[in-house]
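A.B. asks: What follows is data_0.cif, made up of mmCIF, C-alpha atoms and all ligand atoms:
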data_query
loop_
_atom_site.label_atom_id
_atom_site.label_comp_id
_atom_site.auth_asym_id
_atom_site.auth_seq_id
_atom_site.Cartn_x
_atom_site.Cartn_y
_atom_site.Cartn_z
CA MET A 209 -30.32 8.19 102.03
CA LEU A 210 -27.71 9.86 99.84
CA ARG A 211 -30.43 11.45 97.76
CA SER A 212 -32.18 13.02 100.73
CA LEU A 213 -28.85 14.21 102.09
CA LEU A 214 -28.12 15.93 98.77
CA ALA A 215 -31.59 17.43 98.71
CA ALA A 216 -31.10 18.78 102.21
CA LEU A 217 -27.75 20.27 101.19
CA ALA A 218 -29.29 21.87 98.12
CA MET A 219 -32.06 23.38 100.25
CA GLY A 220 -29.51 24.71 102.66
CA ALA A 221 -27.70 26.43 99.82
CA LEU A 222 -30.89 27.79 98.30
CA VAL A 223 -32.53 29.19 101.37
CA PRO A 224 -30.17 32.16 101.84
CA LEU A 225 -30.47 33.05 98.14
CA VAL A 226 -34.24 32.92 98.26
CA ALA A 227 -34.18 35.01 101.40
CA LEU A 228 -32.06 37.62 99.64
CA ALA A 229 -34.29 37.72 96.60
CA GLN A 230 -37.57 38.15 98.44
CA THR A 231 -38.80 41.14 100.37
CA PRO A 232 -39.61 40.67 103.16
CA ALA A 233 -37.43 37.61 103.45
CA PRO A 234 -38.97 34.50 104.94
CA GLN A 235 -37.13 33.26 107.97
CA PRO A 236 -37.12 29.46 108.08
CA ALA A 237 -36.35 28.09 111.53
CA ASP A 238 -32.96 26.72 110.52
CA SER A 239 -31.73 29.74 108.54
CA LYS A 240 -28.95 31.92 109.86
CA PRO A 241 -30.34 35.45 109.88
CA ALA A 242 -27.03 36.84 111.14
CA GLU A 243 -25.46 36.18 107.69
CA ILE A 244 -27.99 38.33 105.89
CA LYS A 245 -27.55 42.00 106.55
CA PRO A 246 -30.82 43.92 106.96
CA GLU A 247 -29.98 46.34 104.14
CA ALA A 248 -29.31 43.44 101.75
CA LYS A 249 -32.79 42.14 102.41
CA SER A 250 -34.63 45.31 101.57
CA ALA A 251 -32.47 46.94 98.91
CA ALA A 252 -33.01 46.32 95.20
CA PRO A 253 -30.30 44.16 93.59
CA LYS A 254 -27.13 46.17 93.25
CA ALA A 255 -26.06 46.98 89.71
CA TYR A 256 -22.70 45.48 88.85
CA ILE A 257 -20.10 48.10 88.02
CA PRO A 258 -16.77 46.72 86.80
CA GLY A 259 -13.65 47.93 88.51
CA LEU A 260 -11.53 50.50 86.69
CA GLU A 261 -8.90 47.87 85.92
CA GLN A 262 -11.53 45.86 84.04
CA PHE A 263 -12.40 48.82 81.83
CA MET A 264 -8.66 49.33 81.31
CA ASN A 265 -8.06 45.73 80.30
CA VAL A 266 -10.81 46.05 77.69
CA ILE A 267 -9.15 49.23 76.42
CA LEU A 268 -5.85 47.35 76.31
CA THR A 269 -7.37 44.65 74.09
CA GLU A 270 -8.85 47.23 71.75
CA HIS A 271 -5.55 49.12 71.68
CA ASN A 272 -3.88 45.88 70.53
CA LYS A 273 -6.49 45.25 67.84
CA LEU A 274 -6.35 48.86 66.72
CA TRP A 275 -2.64 48.50 65.99
CA PHE A 276 -2.99 45.38 63.85
CA ALA A 277 -6.00 46.79 62.01
CA GLY A 278 -4.02 49.93 61.14
CA ARG A 279 -0.94 47.94 60.19
CA ALA A 280 -3.04 45.86 57.82
CA ARG A 281 -4.56 49.07 56.44
CA ASN A 282 -7.92 47.76 57.44
CA TRP A 283 -9.26 51.28 57.99
CA PRO A 284 -12.90 50.38 58.74
CA LEU A 285 -11.70 47.98 61.46
CA ALA A 286 -9.22 50.56 62.79
CA ALA A 287 -12.02 53.14 62.98
CA TYR A 288 -14.19 50.59 64.72
CA GLU A 289 -11.58 49.71 67.35
CA LEU A 290 -10.82 53.36 68.06
CA GLY A 291 -14.57 53.93 68.41
CA GLU A 292 -14.68 51.11 70.96
CA ILE A 293 -11.81 52.68 72.92
CA LYS A 294 -13.73 55.96 72.97
CA GLU A 295 -16.84 54.17 74.16
CA VAL A 296 -15.08 52.47 77.06
CA MET A 297 -13.38 55.74 78.00
CA SER A 298 -16.77 57.39 78.07
CA ASP A 299 -18.02 54.53 80.27
CA VAL A 300 -15.11 55.19 82.62
CA GLN A 301 -16.15 58.84 82.78
CA ASP A 302 -19.72 57.83 83.59
CA TYR A 303 -19.03 55.02 86.04
CA VAL A 304 -15.69 55.94 87.62
CA PRO A 305 -15.62 59.75 87.42
CA VAL A 306 -13.53 59.93 90.59
CA PHE A 307 -10.82 57.40 91.40
CA LYS A 308 -8.93 57.56 94.70
CA SER A 309 -10.05 61.21 94.98
CA LEU A 310 -8.64 62.02 91.53
CA PRO A 311 -11.00 63.64 88.98
CA LEU A 312 -10.57 60.81 86.46
CA ALA A 313 -13.34 61.98 84.10
CA GLU A 314 -11.74 65.39 83.71
CA MET A 315 -8.26 63.87 83.44
CA MET A 316 -9.53 61.68 80.63
CA ASP A 317 -10.63 64.77 78.70
CA ALA A 318 -7.41 66.62 79.41
CA VAL A 319 -5.00 63.83 78.65
CA ILE A 320 -6.22 61.85 75.69
CA VAL A 321 -9.02 63.50 73.67
CA LYS A 322 -6.65 65.29 71.30
CA GLU A 323 -4.66 62.13 70.60
CA VAL A 324 -7.84 60.21 69.82
CA ALA A 325 -9.05 62.96 67.46
CA ASP A 326 -5.68 63.06 65.64
CA LEU A 327 -5.71 59.31 65.22
CA GLU A 328 -9.25 59.46 63.88
CA LYS A 329 -8.06 61.89 61.22
CA ALA A 330 -5.16 59.61 60.24
CA ILE A 331 -7.55 56.68 59.89
CA GLU A 332 -9.99 58.75 57.86
CA ALA A 333 -7.14 59.83 55.58
CA LYS A 334 -5.97 56.17 55.35
CA ASP A 335 -2.49 57.44 56.15
CA ALA A 336 -0.40 54.56 57.51
CA LYS A 337 2.51 56.77 58.54
CA LYS A 338 0.32 59.21 60.46
CA PHE A 339 -1.51 56.25 61.93
CA ALA A 340 1.70 54.76 63.39
CA ALA A 341 2.82 58.11 64.80
CA GLY A 342 -0.65 58.82 66.17
CA PHE A 343 -0.83 55.38 67.74
CA ASP A 344 2.43 56.02 69.62
CA ARG A 345 1.12 59.39 70.80
CA LEU A 346 -2.05 57.69 72.00
CA SER A 347 0.03 55.18 74.00
CA ALA A 348 2.05 58.08 75.44
CA ALA A 349 -1.22 59.69 76.54
CA CYS A 350 -2.27 56.44 78.24
CA ASN A 351 1.02 56.50 80.11
CA ALA A 352 0.69 60.18 81.00
CA CYS A 353 -2.48 59.41 82.91
CA HIS A 354 -0.95 56.35 84.51
CA GLN A 355 1.87 58.53 85.77
CA ALA A 356 -0.52 61.24 86.94
CA THR A 357 -2.49 58.66 88.94
CA GLU A 358 0.59 57.09 90.55
CA ASN A 359 0.32 54.09 88.25
CA GLY A 360 3.53 54.85 86.38
CA PHE A 361 4.42 51.18 86.60
CA ILE A 362 1.63 50.49 84.05
CA VAL A 363 3.31 51.16 80.72
CA ILE A 364 1.57 50.85 77.36
CA LYS A 365 3.54 50.27 74.15
CA ARG A 366 3.19 49.05 70.59
CA PRO A 367 2.17 45.40 70.59
CA THR A 368 4.31 42.83 68.81
CA ARG A 369 1.55 40.33 68.19
CA PRO A 370 -2.26 40.23 68.26
CA VAL A 371 -3.86 39.09 71.51
CA PHE A 372 -6.14 36.88 69.46
CA THR A 373 -5.10 34.86 66.44
CA ASN A 374 -8.63 33.90 65.48
CA GLN A 375 -9.55 37.35 64.18
CA ASP A 376 -8.42 38.21 60.67
CA PHE A 377 -7.12 41.78 60.52
CA ARG A 378 -6.79 41.92 56.75
CA PRO A 379 -9.21 44.20 54.92
CA HIS A 380 -12.48 42.59 53.91
CA ASP A 381 -15.40 44.35 52.36
CA ASN A 382 -18.96 43.63 53.33
CA ARG A 383 -19.67 41.55 50.26
CA ALA A 384 -20.00 37.81 50.72
CA ARG A 385 -17.02 35.97 49.37
C1 LIG A 401 -7.59 59.37 82.69
C2 LIG A 401 -6.59 58.45 83.11
C3 LIG A 401 -6.26 57.22 82.32
C4 LIG A 401 -6.10 57.11 80.97
C5 LIG A 401 -6.25 58.19 79.91
C6 LIG A 401 -5.73 55.74 80.71
N1 LIG A 401 -5.67 55.03 81.89
FE1 LIG A 401 -5.22 53.06 82.08
N2 LIG A 401 -5.38 53.23 84.10
C7 LIG A 401 -5.72 54.37 84.79
C8 LIG A 401 -5.74 54.09 86.21
C9 LIG A 401 -6.06 55.07 87.31
C10 LIG A 401 -5.39 52.72 86.35
C11 LIG A 401 -5.27 51.91 87.65
C12 LIG A 401 -6.60 51.21 87.92
C13 LIG A 401 -6.66 50.55 89.25
O1 LIG A 401 -5.81 50.78 90.11
O2 LIG A 401 -7.62 49.78 89.44
C14 LIG A 401 -5.16 52.23 85.00
C15 LIG A 401 -4.79 50.92 84.71
C16 LIG A 401 -4.56 50.44 83.44
C17 LIG A 401 -4.14 49.09 83.15
C18 LIG A 401 -3.82 47.99 84.16
C19 LIG A 401 -4.97 47.03 84.26
C20 LIG A 401 -4.52 45.72 84.84
O3 LIG A 401 -5.35 45.08 85.51
O4 LIG A 401 -3.38 45.31 84.62
C21 LIG A 401 -4.04 48.98 81.79
C22 LIG A 401 -3.62 47.75 80.99
C23 LIG A 401 -4.38 50.27 81.23
N3 LIG A 401 -4.69 51.13 82.26
C24 LIG A 401 -4.43 50.54 79.89
C25 LIG A 401 -4.66 51.80 79.36
C26 LIG A 401 -4.57 52.11 77.95
C27 LIG A 401 -4.20 51.14 76.84
C28 LIG A 401 -4.87 53.43 77.83
C29 LIG A 401 -4.89 54.28 76.61
C30 LIG A 401 -5.51 53.84 75.40
C31 LIG A 401 -5.16 53.94 79.17
N4 LIG A 401 -5.02 52.90 80.07
C32 LIG A 401 -5.50 55.24 79.46
C33 LIG A 401 -5.98 55.61 84.25
C34 LIG A 401 -5.96 55.91 82.90
#
As structure tokens, how would this structure be written, given the file I've shared?
Ligand code: HEC
C.D. replies:
Amino acid sequence: MLRSLLAALAMGALVPLVALAQTPAPQPADSKPAEIKPEAKSAAPKAYIPGLEQFMNVILTEHNKLWFAGRARNWPLAAYELGEIKEVMSDVQDYVPVFKSLPLAEMMDAVIVKEVADLEKAIEAKDAKKFAAGFDRLSAACNACHQATENGFIVIKRPTRPVFTNQDFRPHDNRAR
């Protein structure tokens, strides 16, 4: 009795999913066609595009790691993290070029490209002092865009501790130890 009840419940849950996945969707007698919009039935599955805040929270994590890599003079890791920041920024330009009618892609170029390039040079030169100054200028650039987009309440600063404690920021070479 319980088993058949569970089976019936499982079927009930599955039918709408199956209907969504198939084109044209079968219409079992007990399904509720009103819940499935016609366009959802025919359209290909929609690609998932993260919201801008999700891209930004990834950038925030990398910004944190970048700081501790640079502080530890782990220059390959610092270069890597800055590269990741650049990658996500480029994703933002591709996927969220316009945000609340603001030309975000162009703002990205205008506001932060120079700071990223300067920081890259400091990392290449393994210059800890220039790295720290460049990191602060990068954070200022983050904040400049937040202000320009009426998000001035989002303020980026130097971190005081790593987000994750299970990643070792000290320099390691690629040789097995
Ligand atoms: C070109 C503009 C621009 C630049 C440059 C920029 N941001 Fe943002 N950021 C935004 C916008 C716009 C939002 C608000 C997103 C929303 O409302 O969904 C935001 C939101 C955020 C948030 C809030 C996310 C949350 O859910 O709390 C964080 C954190 C953040 N940015 C970090 C950074 C960091 C770190 C940098 C620099 C390395 C940076 N941002 C550079 C435009 C920018």
A.B. asks: By how many Å are atom C15 of ligand LIG 401 (chain A) and CA of Asp344 (chain A) apart?
C.D. replies: 17.5 Å
A.B. asks: Box along x, y and z, 3 Å on every side, all listed atoms of ligand LIG 401 (chain A) inside: centre and edge lengths in Å to one decimal, as JSON.
C.D. replies:
{"center_x": -5.5, "center_y": 52.2, "center_z": 82.8, "size_x": 10.2, "size_y": 20.3, "size_z": 20.7}
A.B. asks: One decimal, in Å: what's the spacing between CA of Val363 (chain A) and atom C24 of ligand LIG 401 (chain A)?
C.D. replies: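 Separation between CA of Val363 (chain A) and atom C24 of ligand LIG 401 (chain A): 7.8 Å.
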A.B. asks: Can you pull out every residue within 12 Å of Ala349 (chain A), counting all atoms listed in the file, but drop anything in the same chain fewer than 3 positions away, and send it as a list in words?
C.D. replies: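 Answer for this query is Met315, Met316, Asp317, Ala318, Val319, Ile320, Val321, Lys322, Glu323, Val324, Gly342, Phe343, Asp344, Arg345, Leu346, Ala352, Cys353, His354, Gln355, Ala356, Gly360, Val363, Ile364 and Lys365 of chain A.
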A.B. asks: To one decimal place in Å, what is the distance between CA of Asn351 (chain A) and CA of Phe263 (chain A)?
C.D. replies: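 Distance reported for this atom pair: 15.6 Å.
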A.B. asks: So, with only C-alpha atoms and all ligand atoms as the atoms that count, which of A:Glu328, A:Asp299, A:Glu358, A:Asp335 lies closest to ligand LIG 401 (chain A)?
C.D. replies: A:Glu358
A.B. asks: Near Pro258 (chain A), within 10 Å and counting all atoms listed in the file, which residues show up once chain neighbours fewer than 3 positions away are dropped, as a list in words?
C.D. replies: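 Neighbouring residues, sequence-local ones excluded: Ala255, Glu261, Gln262, Phe263, Val300, Tyr303 and Val304 of chain A.
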A.B. asks: Which residues are near Asn282 (chain A)? Cut-off 12 Å, only C-alpha atoms, ignore same chain within fewer than 4 positions. Put them as a PyMOL selection string.
C.D. replies: chain A and resi 273-278+286-289+331-332+334-336+339+376-381
A.B. asks: So, with only C-alpha atoms and all ligand atoms as the atoms that count, which of A:Ala252, A:Met264, A:Ala333, A:Val306 lies closest to ligand LIG 401 (chain A)?
C.D. replies: A:Met264
A.B. asks: Which residue, A:Tyr256, A:Phe372, A:Trp283, A:Phe307, has the smallest gap to ligand LIG 401 (chain A) when you use all atoms listed in the file?
C.D. replies: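 Answer, going by the shortest atom-to-atom distance: A:Phe307.
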A.B. asks: Pick out the closest residue to Gln375 (chain A) from this set: A:Val266, A:Leu285, A:Ala330, A:Ala348. Count all atoms listed in the file.
C.D. replies: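 Among the listed residues, the smallest separation from Gln375 (chain A) belongs to A:Leu285.
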